[in-house]
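J.: One file is attached below, my_file-v8.cif, containing mmCIF, C-alpha atoms.
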```cif
data_model
loop_
_atom_site.label_atom_id
_atom_site.label_comp_id
_atom_site.auth_asym_id
_atom_site.auth_seq_id
_atom_site.Cartn_x
_atom_site.Cartn_y
_atom_site.Cartn_z
CA MET A 1 -48.09 -24.78 66.85
CA LYS A 2 -48.62 -28.35 68.12
CA VAL A 3 -46.04 -29.61 65.63
CA ILE A 4 -43.48 -27.06 66.85
CA ALA A 5 -44.18 -27.97 70.47
CA VAL A 6 -43.71 -31.65 69.71
CA LEU A 7 -40.42 -30.93 67.92
CA VAL A 8 -39.13 -28.85 70.82
CA LEU A 9 -40.08 -31.62 73.24
CA TYR A 10 -38.39 -34.21 71.01
CA VAL A 11 -35.16 -32.19 70.77
CA THR A 12 -35.12 -31.68 74.53
CA LEU A 13 -35.66 -35.37 75.17
CA PHE A 14 -33.02 -36.23 72.56
CA TYR A 15 -30.38 -34.10 74.26
CA GLN A 16 -31.35 -35.50 77.64
CA GLY A 17 -31.09 -38.98 76.19
CA GLU A 18 -27.56 -38.27 75.00
CA SER A 19 -26.62 -36.63 78.30
CA ASN A 20 -28.12 -36.97 81.77
CA SER A 21 -28.75 -33.22 81.86
CA LEU A 22 -27.96 -30.01 80.04
CA ASP A 23 -25.15 -29.31 82.49
CA SER A 24 -23.24 -32.59 82.21
CA CYS A 25 -20.47 -33.81 79.90
CA GLU A 26 -21.74 -37.37 79.77
CA GLY A 27 -21.60 -38.42 76.11
CA ARG A 28 -20.41 -34.95 75.00
CA CYS A 29 -16.62 -34.90 75.55
CA GLY A 30 -14.81 -33.15 72.72
CA PHE A 31 -17.97 -31.91 71.00
CA GLY A 32 -18.00 -28.38 69.59
CA THR A 33 -19.63 -25.48 71.41
CA ASN A 34 -23.42 -25.94 71.55
CA SER A 35 -25.64 -23.15 72.89
CA ASN A 36 -28.39 -25.69 73.65
CA PHE A 37 -26.37 -26.65 76.70
CA THR A 38 -25.67 -24.51 79.75
CA CYS A 39 -21.99 -25.56 79.80
CA GLN A 40 -19.45 -26.99 77.38
CA CYS A 41 -17.22 -30.07 77.15
CA ASN A 42 -14.50 -29.23 74.62
CA PRO A 43 -10.86 -28.22 75.27
CA VAL A 44 -11.50 -24.49 74.90
CA CYS A 45 -14.11 -24.43 77.69
CA GLU A 46 -11.20 -24.09 80.12
CA ARG A 47 -10.21 -20.87 78.41
CA TYR A 48 -13.76 -19.48 78.36
CA ASN A 49 -14.57 -20.70 81.86
CA ASP A 50 -17.77 -22.43 80.72
CA CYS A 51 -16.90 -26.10 81.34
CA CYS A 52 -19.46 -28.37 82.93
CA SER A 53 -18.71 -29.35 86.52
CA ASP A 54 -17.92 -32.94 85.47
CA TYR A 55 -15.69 -31.96 82.53
CA ALA A 56 -12.43 -32.81 84.30
CA GLU A 57 -13.79 -36.12 85.60
CA LEU A 58 -15.38 -37.34 82.38
CA CYS A 59 -13.39 -35.72 79.60
CA LYS A 60 -9.88 -35.66 81.01
CA ALA A 61 -9.87 -39.06 82.67
CA ASP A 62 -7.66 -41.70 81.05
CA GLY A 63 -10.60 -43.88 80.09
CA GLY A 64 -12.94 -41.10 79.06
CA ASN A 65 -14.14 -40.37 75.56
CA VAL A 66 -11.88 -37.37 74.99
CA GLY A 67 -13.01 -36.97 71.37
CA ASN A 68 -11.28 -33.91 69.92
CA LYS A 69 -9.43 -33.01 73.13
CA ILE A 70 -6.01 -31.49 72.42
CA THR A 71 -3.50 -33.81 74.00
CA ASP A 72 0.01 -33.03 75.21
CA ALA A 73 1.36 -35.31 72.49
CA GLU A 74 -0.53 -33.37 69.82
CA ILE A 75 0.77 -30.06 71.15
CA LYS A 76 4.35 -31.35 71.05
CA ALA A 77 3.93 -32.76 67.54
CA LEU A 78 2.37 -29.54 66.24
CA SER A 79 5.08 -27.40 67.84
CA GLU A 80 7.74 -29.47 66.09
CA THR A 81 5.91 -28.93 62.81
CA LEU A 82 5.66 -25.18 63.38
CA TYR A 83 9.35 -25.10 64.34
CA SER A 84 10.32 -26.79 61.08
CA MET A 85 8.06 -24.46 59.10
CA ASP A 86 9.58 -21.27 60.53
CA SER A 87 11.37 -20.33 57.31
CA ASN A 88 11.43 -16.66 58.31
CA ARG A 89 13.56 -17.22 61.41
CA ALA A 90 16.88 -15.38 61.53
CA SER A 91 19.91 -17.37 60.43
CA SER A 92 23.29 -17.37 62.18
CA SER A 93 24.67 -15.17 59.40
CA GLU A 94 21.84 -12.66 59.86
CA LEU A 95 21.85 -12.47 63.67
CA THR A 96 24.71 -12.44 66.19
CA ILE A 97 24.22 -12.16 69.94
CA ASN A 98 26.66 -11.88 72.85
CA PRO A 99 25.03 -13.24 76.07
CA GLN A 100 28.02 -12.41 78.32
CA ALA A 101 27.24 -12.58 82.06
CA LEU A 102 25.23 -15.53 83.36
CA VAL A 103 23.76 -15.01 86.85
CA PRO A 104 21.96 -17.41 89.20
CA ASP A 105 18.24 -16.92 89.80
CA SER A 106 19.01 -15.60 93.28
CA GLN A 107 20.81 -12.59 91.79
CA THR A 108 18.37 -11.50 89.09
CA GLY A 109 17.01 -8.75 91.33
CA SER A 110 20.39 -7.20 92.10
CA GLN A 111 20.25 -4.77 89.14
CA ASN A 112 23.96 -5.11 88.41
CA ASP A 113 25.11 -4.22 84.91
CA LEU A 114 27.51 -7.08 84.20
CA SER A 115 27.76 -6.78 80.42
CA SER A 116 30.16 -4.48 78.61
CA GLU A 117 28.53 -4.89 75.18
CA PRO A 118 24.98 -5.01 73.83
CA LEU A 119 23.23 -8.35 73.63
CA TYR A 120 22.61 -7.90 69.90
CA LEU A 121 25.90 -7.40 68.09
CA HIS A 122 24.54 -7.72 64.55
CA LEU A 123 21.25 -8.04 62.72
CA ASP A 124 20.95 -7.90 58.96
CA GLU A 125 17.91 -5.64 58.92
CA ASP A 126 17.71 -5.56 55.12
CA ALA A 127 17.34 -9.32 54.99
CA VAL A 128 15.13 -9.81 58.04
CA PHE A 129 12.93 -6.72 58.30
CA SER A 130 12.01 -6.77 54.61
CA LYS A 131 9.90 -9.89 55.15
CA PRO A 132 6.16 -9.07 55.32
CA THR A 133 5.52 -10.46 58.80
CA TYR A 134 8.42 -8.50 60.30
CA ALA A 135 7.30 -5.34 58.52
CA ALA A 136 3.80 -5.86 59.94
CA LEU A 137 5.20 -6.22 63.45
CA LEU A 138 7.43 -3.16 63.15
CA ALA A 139 4.43 -1.06 62.15
CA LEU A 140 2.72 -1.97 65.44
CA LEU A 141 5.47 -1.59 68.02
CA ASP A 142 5.42 2.23 68.11
CA ASN A 143 1.63 2.44 68.55
CA TYR A 144 1.63 2.06 72.33
CA ASN A 145 2.09 4.12 75.49
CA ARG A 146 4.17 1.91 77.75
CA MET A 147 2.77 3.42 80.98
CA THR A 148 -0.26 1.57 82.34
CA GLY A 149 -3.10 3.79 83.51
CA GLN A 150 -2.99 5.79 80.26
CA VAL A 151 -5.77 5.14 77.74
CA GLU A 152 -4.68 3.54 74.48
CA ASP A 153 -6.34 5.35 71.57
CA PHE A 154 -5.75 4.06 68.04
CA SER A 155 -6.17 5.79 64.69
CA SER A 156 -7.89 4.04 61.79
CA GLN A 157 -4.45 3.34 60.31
CA GLN A 158 -3.24 1.76 63.53
CA LEU A 159 -6.34 -0.44 63.71
CA ALA A 160 -5.68 -1.50 60.13
CA GLU A 161 -2.10 -2.39 61.15
CA GLN A 162 -3.48 -4.80 63.76
CA GLU A 163 -5.58 -6.50 61.10
CA THR A 164 -2.61 -6.67 58.74
CA PHE A 165 -0.40 -8.27 61.39
CA ILE A 166 -2.88 -11.07 62.11
CA LYS A 167 -3.49 -11.76 58.42
CA GLU A 168 0.19 -11.63 57.40
CA THR A 169 1.26 -13.96 60.19
CA MET A 170 -1.65 -16.38 60.32
CA LEU A 171 -3.12 -16.47 56.79
CA ASN A 172 -0.17 -15.60 54.55
CA THR A 173 2.37 -18.03 56.00
CA GLU A 174 2.49 -21.81 55.84
CA LEU A 175 3.10 -21.83 59.58
CA GLY A 176 -0.03 -19.82 60.39
CA ARG A 177 -2.17 -21.91 58.06
CA GLU A 178 -0.90 -25.06 59.75
CA LEU A 179 -2.02 -23.75 63.13
CA PHE A 180 -5.46 -22.94 61.75
CA ALA A 181 -5.77 -26.36 60.12
CA PHE A 182 -5.01 -28.07 63.41
CA LEU A 183 -7.45 -25.94 65.43
CA ASN A 184 -10.07 -26.41 62.72
CA THR A 185 -9.83 -30.22 62.97
CA LYS A 186 -10.29 -29.86 66.73
CA GLY A 187 -13.48 -27.86 66.30
CA VAL A 188 -12.02 -24.71 67.85
CA TYR A 189 -12.62 -22.65 64.69
CA THR A 190 -14.91 -23.47 61.79
CA SER A 191 -13.51 -20.93 59.32
CA GLU A 192 -10.45 -18.77 58.69
CA GLU A 193 -12.60 -15.69 59.25
CA GLU A 194 -13.58 -16.89 62.73
CA PHE A 195 -9.94 -17.76 63.46
CA VAL A 196 -8.65 -14.32 62.44
CA GLN A 197 -11.36 -12.36 64.23
CA ASP A 198 -10.93 -14.29 67.47
CA LEU A 199 -7.14 -13.88 67.43
CA LYS A 200 -7.58 -10.18 66.76
CA MET A 201 -9.82 -9.77 69.81
CA MET A 202 -7.77 -12.13 71.95
CA TRP A 203 -4.53 -10.25 71.26
CA PHE A 204 -5.59 -6.65 70.54
CA GLY A 205 -8.78 -6.22 72.54
CA LEU A 206 -8.23 -3.55 75.20
CA TYR A 207 -8.69 -3.98 78.94
CA SER A 208 -7.56 -2.18 82.10
CA ARG A 209 -4.47 -3.07 84.10
CA ASN A 210 -4.44 0.19 86.04
CA ASN A 211 -6.77 3.03 87.07
CA ASN A 212 -9.82 1.60 85.24
CA LYS A 213 -8.43 2.86 81.93
CA LEU A 214 -8.41 0.82 78.71
CA ASP A 215 -4.64 0.84 78.81
CA SER A 216 -3.49 -2.65 77.85
CA SER A 217 -3.82 -5.68 75.60
CA GLY A 218 -2.16 -9.05 75.30
CA PHE A 219 -0.14 -7.83 72.34
CA GLU A 220 1.08 -4.69 74.10
CA HIS A 221 2.02 -6.59 77.24
CA ILE A 222 3.85 -9.45 75.53
CA PHE A 223 5.31 -7.95 72.36
CA ALA A 224 5.80 -4.26 73.19
CA GLY A 225 6.19 -4.29 76.99
CA GLU A 226 4.66 -2.05 79.66
CA ILE A 227 5.55 -0.19 82.84
CA LYS A 228 3.47 -0.92 85.93
CA GLY A 229 4.27 -0.31 89.57
CA GLY A 230 7.63 1.23 88.77
CA LYS A 231 8.98 -1.74 86.84
CA VAL A 232 8.86 -3.39 83.43
CA SER A 233 5.85 -5.67 82.97
CA GLY A 234 5.62 -8.24 80.19
CA PHE A 235 8.09 -7.57 77.35
CA HIS A 236 8.83 -10.96 75.81
CA ASN A 237 9.75 -10.16 72.21
CA TRP A 238 13.29 -10.18 70.85
CA ILE A 239 12.66 -7.68 68.05
CA GLN A 240 11.37 -5.02 70.44
CA PHE A 241 14.45 -5.65 72.60
CA TYR A 242 16.75 -5.25 69.61
CA LEU A 243 15.13 -2.00 68.48
CA LEU A 244 15.21 -0.39 71.92
CA GLU A 245 18.78 -1.52 72.57
CA LYS A 246 19.88 -0.13 69.21
CA SER A 247 18.23 3.23 69.97
CA GLY A 248 20.02 3.48 73.33
CA LYS A 249 16.80 3.20 75.38
CA LEU A 250 17.55 -0.27 76.74
CA ASN A 251 20.65 -1.48 78.57
CA TYR A 252 21.28 -5.22 78.71
CA TYR A 253 22.67 -6.36 82.11
CA SER A 254 22.87 -10.16 82.18
CA HIS A 255 21.01 -13.39 81.56
CA SER A 256 19.84 -16.07 83.97
CA PHE A 257 18.85 -18.72 81.43
CA ASP A 258 20.07 -19.83 78.01
CA GLY A 259 18.25 -22.71 76.38
CA PRO A 260 19.86 -25.80 74.86
CA TRP A 261 19.38 -24.70 71.25
CA THR A 262 22.55 -24.03 69.26
CA SER A 263 20.76 -22.24 66.42
CA TYR A 264 17.81 -19.87 66.21
CA PRO A 265 15.30 -19.77 67.64
CA ASP A 266 16.89 -19.90 71.09
CA VAL A 267 15.33 -19.04 74.48
CA MET A 268 16.85 -16.72 77.08
CA GLY A 269 15.90 -15.16 80.40
CA LEU A 270 17.21 -11.58 80.42
CA GLN A 271 17.89 -8.81 82.93
CA PHE A 272 17.80 -5.28 81.58
CA MET A 273 17.00 -1.62 82.24
CA TRP A 274 14.46 0.01 79.94
CA ASP A 275 14.84 3.77 80.09
CA GLY A 276 14.93 3.86 83.89
CA TYR A 277 12.80 0.80 84.66
CA TYR A 278 14.18 -2.65 85.49
CA LYS A 279 13.12 -6.08 84.29
CA GLN A 280 14.23 -8.86 86.60
CA VAL A 281 13.61 -11.72 84.17
CA GLY A 282 12.32 -11.05 80.67
CA SER A 283 12.21 -14.35 78.83
CA ALA A 284 11.95 -14.44 75.05
CA VAL A 285 12.31 -16.71 72.07
CA ILE A 286 15.34 -15.27 70.26
CA GLY A 287 15.58 -15.17 66.48
CA CYS A 288 12.17 -16.62 65.66
CA SER A 289 9.74 -15.03 63.22
CA PRO A 290 6.75 -12.98 64.43
CA GLU A 291 4.43 -15.69 63.15
CA PHE A 292 6.19 -18.34 65.24
CA ASP A 293 5.92 -16.24 68.41
CA LEU A 294 2.24 -15.56 67.77
CA ALA A 295 1.49 -19.17 66.84
CA ILE A 296 3.03 -20.89 69.86
CA TYR A 297 1.57 -18.40 72.33
CA SER A 298 -1.87 -18.66 70.72
CA LEU A 299 -1.72 -22.46 70.65
CA CYS A 300 -0.78 -22.63 74.31
CA TYR A 301 -3.35 -20.06 75.35
CA ILE A 302 -6.15 -21.88 73.53
CA ALA A 303 -5.11 -25.40 74.58
CA ARG A 304 -3.65 -24.77 78.06
CA PRO A 305 -4.97 -21.43 79.35
CA GLY A 306 -3.39 -20.42 82.63
CA LYS A 307 -1.14 -23.46 82.73
CA HIS A 308 2.24 -24.78 81.67
CA CYS A 309 2.17 -25.79 78.01
CA TYR A 310 4.83 -28.30 76.95
CA LEU A 311 6.28 -27.82 73.47
CA SER A 312 9.04 -29.58 71.59
CA LEU A 313 11.44 -27.65 69.34
CA GLY A 314 14.08 -29.68 67.56
CA GLY A 315 13.67 -32.43 70.13
CA GLN A 316 14.19 -30.04 73.06
CA GLN A 317 11.45 -29.18 75.54
CA LEU A 318 10.13 -25.63 75.79
CA ILE A 319 7.57 -24.70 78.44
CA ILE A 320 5.22 -21.78 77.82
CA GLN A 321 3.22 -20.23 80.65
CA THR A 322 0.01 -18.40 79.75
CA TYR A 323 -2.42 -16.33 81.81
CA THR A 324 -6.00 -15.32 81.11
CA TRP A 325 -7.28 -11.83 81.85
CA ASN A 326 -10.25 -12.53 84.10
CA ASN A 327 -11.45 -9.00 84.88
CA SER A 328 -13.16 -8.44 81.54
CA SER A 329 -14.15 -10.42 78.46
CA TYR A 330 -15.24 -10.21 74.83
CA GLY A 331 -17.80 -11.97 72.70
CA ASP A 332 -19.64 -14.69 74.60
CA GLY A 333 -17.54 -14.43 77.73
CA LYS A 334 -14.25 -15.20 76.03
CA LYS A 335 -11.15 -14.16 77.95
CA PHE A 336 -8.41 -11.88 76.66
CA ILE A 337 -4.86 -13.15 76.83
CA GLY A 338 -3.17 -11.67 79.90
CA SER A 339 0.36 -12.91 79.34
CA ALA A 340 2.43 -15.62 77.69
CA TYR A 341 6.14 -16.29 77.92
CA PRO A 342 8.78 -19.02 77.92
CA VAL A 343 9.49 -20.48 81.35
CA SER A 344 13.16 -19.66 81.78
CA MET A 345 14.02 -22.09 84.54
CA TYR A 346 13.52 -25.85 84.44
#
```
Hey, can you dump this file as structure tokens for me?

T.:
Amino acid sequence: MKVIAVLVLYVTLFYQGESNSLDSCEGRCGFGTNSNFTCQCNPVCERYNDCCSDYAELCKADGGNVGNKITDAEIKALSETLYSMDSNRASSSELTINPQALVPDSQTGSQNDLSSEPLYLHLDEDAVFSKPTYAALLALLDNYNRMTGQVEDFSSQQLAEQETFIKETMLNTELGRELFAFLNTKGVYTSEEEFVQDLKMMWFGLYSRNNNKLDSSGFEHIFAGEIKGGKVSGFHNWIQFYLLEKSGKLNYYSHSFDGPWTSYPDVMGLQFMWDGYYKQVGSAVIGCSPEFDLAIYSLCYIARPGKHCYLSLGGQQLIIQTYTWNNSSYGDGKKFIGSAYPVSMY
């Protein structure tokens, strides 16, 4: 017992020798999560809201020992790599769009239908939807009740479809593996299993947006879209837009933003009516693969939670805004993703 007591005392003194206290980042910037400390000093502490009070001062200062901190330059470099790896993106021969009316930001709330044709004129579904990641996404999109305040209840098959989507996009593509490799070198995840399980909870874990019902998730909000307060909420996925427009449930009105890209993926800010409910600005990355959408939103949520996240695609800047869901959590206080979307005005 005396030996154990001495060891405990030694460890405590060792940690206090490396850092002034258990709640300081002195000498700890960039280190992985350590439960011996009452707060953390790595980039993901901002997402989990467990940073030490001096994290910003010591770990984000220009002269500080940032260690494995994820820098803006690293985010831009990785996004360029992911962009180049998106081999499953739609080609110009597979996808044709007709943006038609361009409106100023001041008129996005007018609800005027200024387009005589659909946004999506052509999609080669045989070529695009046959790819495993698209098939995995399609299996998920009809699993949700778009009205908030209604409990989401999933069958065992639907839960398996969530697992399949994460694995197909993040483990079975070069793009997804590249994201994991980067986050692994930064100490965010130590194994592929940890990576997959955290993404699954981050994206598919249920929380309440309305009436204290488990009615929403990051995936539903961003990829499938929801109705809250009499209007469309979320809805930032081009494939869901295409499917609903094709079925006659969505009417494209206009766009307020069209990015500088001349090939896919492109970025647009869209105005539309979804079966009686209006979306004033629904921004989306057009023509990208499901794995690219998931990867850039996950990267930005992990590295820049609740902030602007600056990416580079083909030399052009793309800003992603993410939000954490602060009313509930999973695991050790980790926060669900509340929203993520391209900023459609610069």

J.: Compute the distance from (5.2, -6.6, 76.0) to each atom, counting only C-alpha atoms, keep the residues with any atom at most 9 Å away, and return them as number ranges by chain; use the coordinates of the file.

T.: A: 146, 218-226, 232-237, 240, 339

J.: So, counting all atoms listed in the file, which residue among A:Ala135, A:Val188, A:Val281, A:Leu206 is closest to Gly109 of chain A?

T.: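 With all atoms listed in the file as the atom set, the closest residue is A:Val281.
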
J.: Would you kindly return, as an MDAnalysis selection string, each protein, DNA or RNA residue with an atom no farther than 7 Å from any atom of Tyr252 of chain A, considering all atoms listed in the file and excluding same-chain residues fewer than 2 positions away?

T.: chainID A and resid 115 118:119 250 254 271:273

J.: Generate the output file for the selected residues, C-alpha atoms, as an mmCIF file, in the frame of the given file.

T.:
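This is the output file again_33.cif:
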```cif
data_model
loop_
_atom_site.group_PDB
_atom_site.id
_atom_site.type_symbol
_atom_site.label_atom_id
_atom_site.label_comp_id
_atom_site.auth_asym_id
_atom_site.auth_seq_id
_atom_site.Cartn_x
_atom_site.Cartn_y
_atom_site.Cartn_z
ATOM 1 C CA SER A 115 27.760 -6.780 80.420
ATOM 2 C CA PRO A 118 24.980 -5.010 73.830
ATOM 3 C CA LEU A 119 23.230 -8.350 73.630
ATOM 4 C CA LEU A 250 17.550 -0.270 76.740
ATOM 5 C CA SER A 254 22.870 -10.160 82.180
ATOM 6 C CA GLN A 271 17.890 -8.810 82.930
ATOM 7 C CA PHE A 272 17.800 -5.280 81.580
ATOM 8 C CA MET A 273 17.000 -1.620 82.240
#
```

J.: His255 of chain A: which residues within 9 Å, counting only C-alpha atoms, same-chain residues fewer than 3 positions away excluded, as JSON, numbers by chain?

T.: {"A": [99, 100, 101, 102, 103, 104, 108, 252, 258, 268, 269, 270, 271, 272, 281]}

J.: Could those residues be written to a file, using C-alpha atoms, as a short mmCIF file (atom, residue, chain, number, x, y, z; two decimals), in the coordinates of the input?

T.:
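To be explicit, this is the file written out as again10.cif:
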```cif
data_model
loop_
_atom_site.label_atom_id
_atom_site.label_comp_id
_atom_site.auth_asym_id
_atom_site.auth_seq_id
_atom_site.Cartn_x
_atom_site.Cartn_y
_atom_site.Cartn_z
CA PRO A 99 25.03 -13.24 76.07
CA GLN A 100 28.02 -12.41 78.32
CA ALA A 101 27.24 -12.58 82.06
CA LEU A 102 25.23 -15.53 83.36
CA VAL A 103 23.76 -15.01 86.85
CA PRO A 104 21.96 -17.41 89.20
CA THR A 108 18.37 -11.50 89.09
CA TYR A 252 21.28 -5.22 78.71
CA ASP A 258 20.07 -19.83 78.01
CA MET A 268 16.85 -16.72 77.08
CA GLY A 269 15.90 -15.16 80.40
CA LEU A 270 17.21 -11.58 80.42
CA GLN A 271 17.89 -8.81 82.93
CA PHE A 272 17.80 -5.28 81.58
CA VAL A 281 13.61 -11.72 84.17
#
```

J.: I would like the residues chosen by the PyMOL selection byres ((chain A and resi 307-321) around 7) on the shown file; could you give them as a list in words?

T.: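 In the shown coordinates, the PyMOL selection byres ((chain A and resi 307-321) around 7) covers Asp72, Ile75, Lys76, Ser79, Glu80, Tyr83, Cys300, Arg304, Pro305, Gly306, Thr322, Tyr323, Ala340, Tyr341, Pro342 and Val343 of chain A.
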
J.: What would the file look like if the residues just selected were written as a PDB file, keeping the file's coordinate frame with C-alpha atoms?

T.:
```pdb
ATOM      1  CA  ASP A  72       0.010 -33.030  75.210  1.00  0.00           C
ATOM      2  CA  ILE A  75       0.770 -30.060  71.150  1.00  0.00           C
ATOM      3  CA  LYS A  76       4.350 -31.350  71.050  1.00  0.00           C
ATOM      4  CA  SER A  79       5.080 -27.400  67.840  1.00  0.00           C
ATOM      5  CA  GLU A  80       7.740 -29.470  66.090  1.00  0.00           C
ATOM      6  CA  TYR A  83       9.350 -25.100  64.340  1.00  0.00           C
ATOM      7  CA  CYS A 300      -0.780 -22.630  74.310  1.00  0.00           C
ATOM      8  CA  ARG A 304      -3.650 -24.770  78.060  1.00  0.00           C
ATOM      9  CA  PRO A 305      -4.970 -21.430  79.350  1.00  0.00           C
ATOM     10  CA  GLY A 306      -3.390 -20.420  82.630  1.00  0.00           C
ATOM     11  CA  THR A 322       0.010 -18.400  79.750  1.00  0.00           C
ATOM     12  CA  TYR A 323      -2.420 -16.330  81.810  1.00  0.00           C
ATOM     13  CA  ALA A 340       2.430 -15.620  77.690  1.00  0.00           C
ATOM     14  CA  TYR A 341       6.140 -16.290  77.920  1.00  0.00           C
ATOM     15  CA  PRO A 342       8.780 -19.020  77.920  1.00  0.00           C
ATOM     16  CA  VAL A 343       9.490 -20.480  81.350  1.00  0.00           C
TER      17      VAL A 343
END
```

J.: Between A:Lys334, A:Arg47, A:Lys249, A:Lys69, which one has atoms that come closest to Lys186 of chain A, using all atoms listed in the file?

T.: A:Lys69

J.: Hey, which of A:Ser156, A:Thr173, A:Asn184, A:Ser216 ends up closest to Met202 of chain A? Count only C-alpha atoms.

T.: A:Ser216

J.: Translate the PyMOL selection byres ((chain A and resi 207) around 10) into a concrete residue list for this structure, as a ChimeraX atom specification.

T.: /A:151-152,204-206,208-210,212-218,325,327-330,336,338

J.: Pick from A:Glu245, A:Asp50, A:Glu57, A:Glu193: nearest to Glu163 of chain A, with only C-alpha atoms counted?

T.: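 Looking only at the distances to Glu163 of chain A, the closest residue turns out to be A:Glu193.
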
J.: Calculate how many Å separate atom CA of Leu175 of chain A from atom CA of Cys288 of chain A, rounding to one decimal.

T.: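 About the pair atom CA of Leu175 of chain A and atom CA of Cys288 of chain A: they are 12.1 Å apart.
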
J.: Which neighbours of Thr164 of chain A fall inside 12 Å, counting all atoms listed in the file, when residues of the same chain fewer than 2 positions from it are skipped, and could you give them as a PyMOL selection string?

T.: chain A and resi 132-140+157-162+166-172+196-197+200

J.: Could you tell me which of A:Ser110, A:Gln280, A:Phe195, A:Asp293 comes closest to Leu183 of chain A if we count only C-alpha atoms?

T.: A:Phe195

J.: Apply the PyMOL selection byres ((chain A and resi 92) around 12) to the file shown and report the selected residues as a ChimeraX atom specification.

T.: /A:89-91,93-97,121-124,128,262-266,286-288

J.: Give me a file of those residues, with C-alpha atoms, as a CSV table (one decimal), in the frame of the given file.

T.:
```csv
chain,number,residue,atom,x,y,z
A,89,ARG,CA,13.6,-17.2,61.4
A,90,ALA,CA,16.9,-15.4,61.5
A,91,SER,CA,19.9,-17.4,60.4
A,93,SER,CA,24.7,-15.2,59.4
A,94,GLU,CA,21.8,-12.7,59.9
A,95,LEU,CA,21.8,-12.5,63.7
A,96,THR,CA,24.7,-12.4,66.2
A,97,ILE,CA,24.2,-12.2,69.9
A,121,LEU,CA,25.9,-7.4,68.1
A,122,HIS,CA,24.5,-7.7,64.6
A,123,LEU,CA,21.2,-8.0,62.7
A,124,ASP,CA,21.0,-7.9,59.0
A,128,VAL,CA,15.1,-9.8,58.0
A,262,THR,CA,22.6,-24.0,69.3
A,263,SER,CA,20.8,-22.2,66.4
A,264,TYR,CA,17.8,-19.9,66.2
A,265,PRO,CA,15.3,-19.8,67.6
A,266,ASP,CA,16.9,-19.9,71.1
A,286,ILE,CA,15.3,-15.3,70.3
A,287,GLY,CA,15.6,-15.2,66.5
A,288,CYS,CA,12.2,-16.6,65.7
```

J.: May I ask you to restore N, CA and C atoms in segment 37-49 of chain A and write the result as a tab-separated table (two decimals), keeping the file's coordinate frame?

T.:
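Below you can see selection-v4.tsv, which holds the result:
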```
chain	number	residue	atom	x	y	z
A	37	PHE	N	-26.79	-26.20	75.39
A	37	PHE	CA	-26.37	-26.65	76.70
A	37	PHE	C	-25.92	-25.46	77.54
A	38	THR	N	-26.05	-25.60	78.85
A	38	THR	CA	-25.67	-24.51	79.75
A	38	THR	C	-24.17	-24.47	80.01
A	39	CYS	N	-23.44	-25.51	79.62
A	39	CYS	CA	-21.99	-25.56	79.80
A	39	CYS	C	-21.41	-26.40	78.68
A	40	GLN	N	-20.08	-26.37	78.53
A	40	GLN	CA	-19.45	-26.99	77.38
A	40	GLN	C	-18.45	-28.06	77.81
A	41	CYS	N	-18.05	-28.91	76.84
A	41	CYS	CA	-17.22	-30.07	77.15
A	41	CYS	C	-16.09	-30.26	76.14
A	42	ASN	N	-15.61	-29.16	75.56
A	42	ASN	CA	-14.50	-29.23	74.62
A	42	ASN	C	-13.28	-28.56	75.23
A	43	PRO	N	-12.08	-28.74	74.64
A	43	PRO	CA	-10.86	-28.22	75.27
A	43	PRO	C	-10.86	-26.72	75.54
A	44	VAL	N	-11.55	-25.94	74.70
A	44	VAL	CA	-11.50	-24.49	74.90
A	44	VAL	C	-12.43	-24.00	76.01
A	45	CYS	N	-13.24	-24.89	76.59
A	45	CYS	CA	-14.11	-24.43	77.69
A	45	CYS	C	-13.28	-23.98	78.88
A	46	GLU	N	-12.06	-24.52	79.02
A	46	GLU	CA	-11.20	-24.09	80.12
A	46	GLU	C	-10.77	-22.65	79.94
A	47	ARG	N	-10.60	-22.25	78.69
A	47	ARG	CA	-10.21	-20.87	78.41
A	47	ARG	C	-11.38	-19.92	78.63
A	48	TYR	N	-12.59	-20.36	78.27
A	48	TYR	CA	-13.76	-19.48	78.36
A	48	TYR	C	-14.50	-19.62	79.69
A	49	ASN	N	-13.98	-20.50	80.54
A	49	ASN	CA	-14.57	-20.70	81.86
A	49	ASN	C	-16.05	-21.11	81.80
```
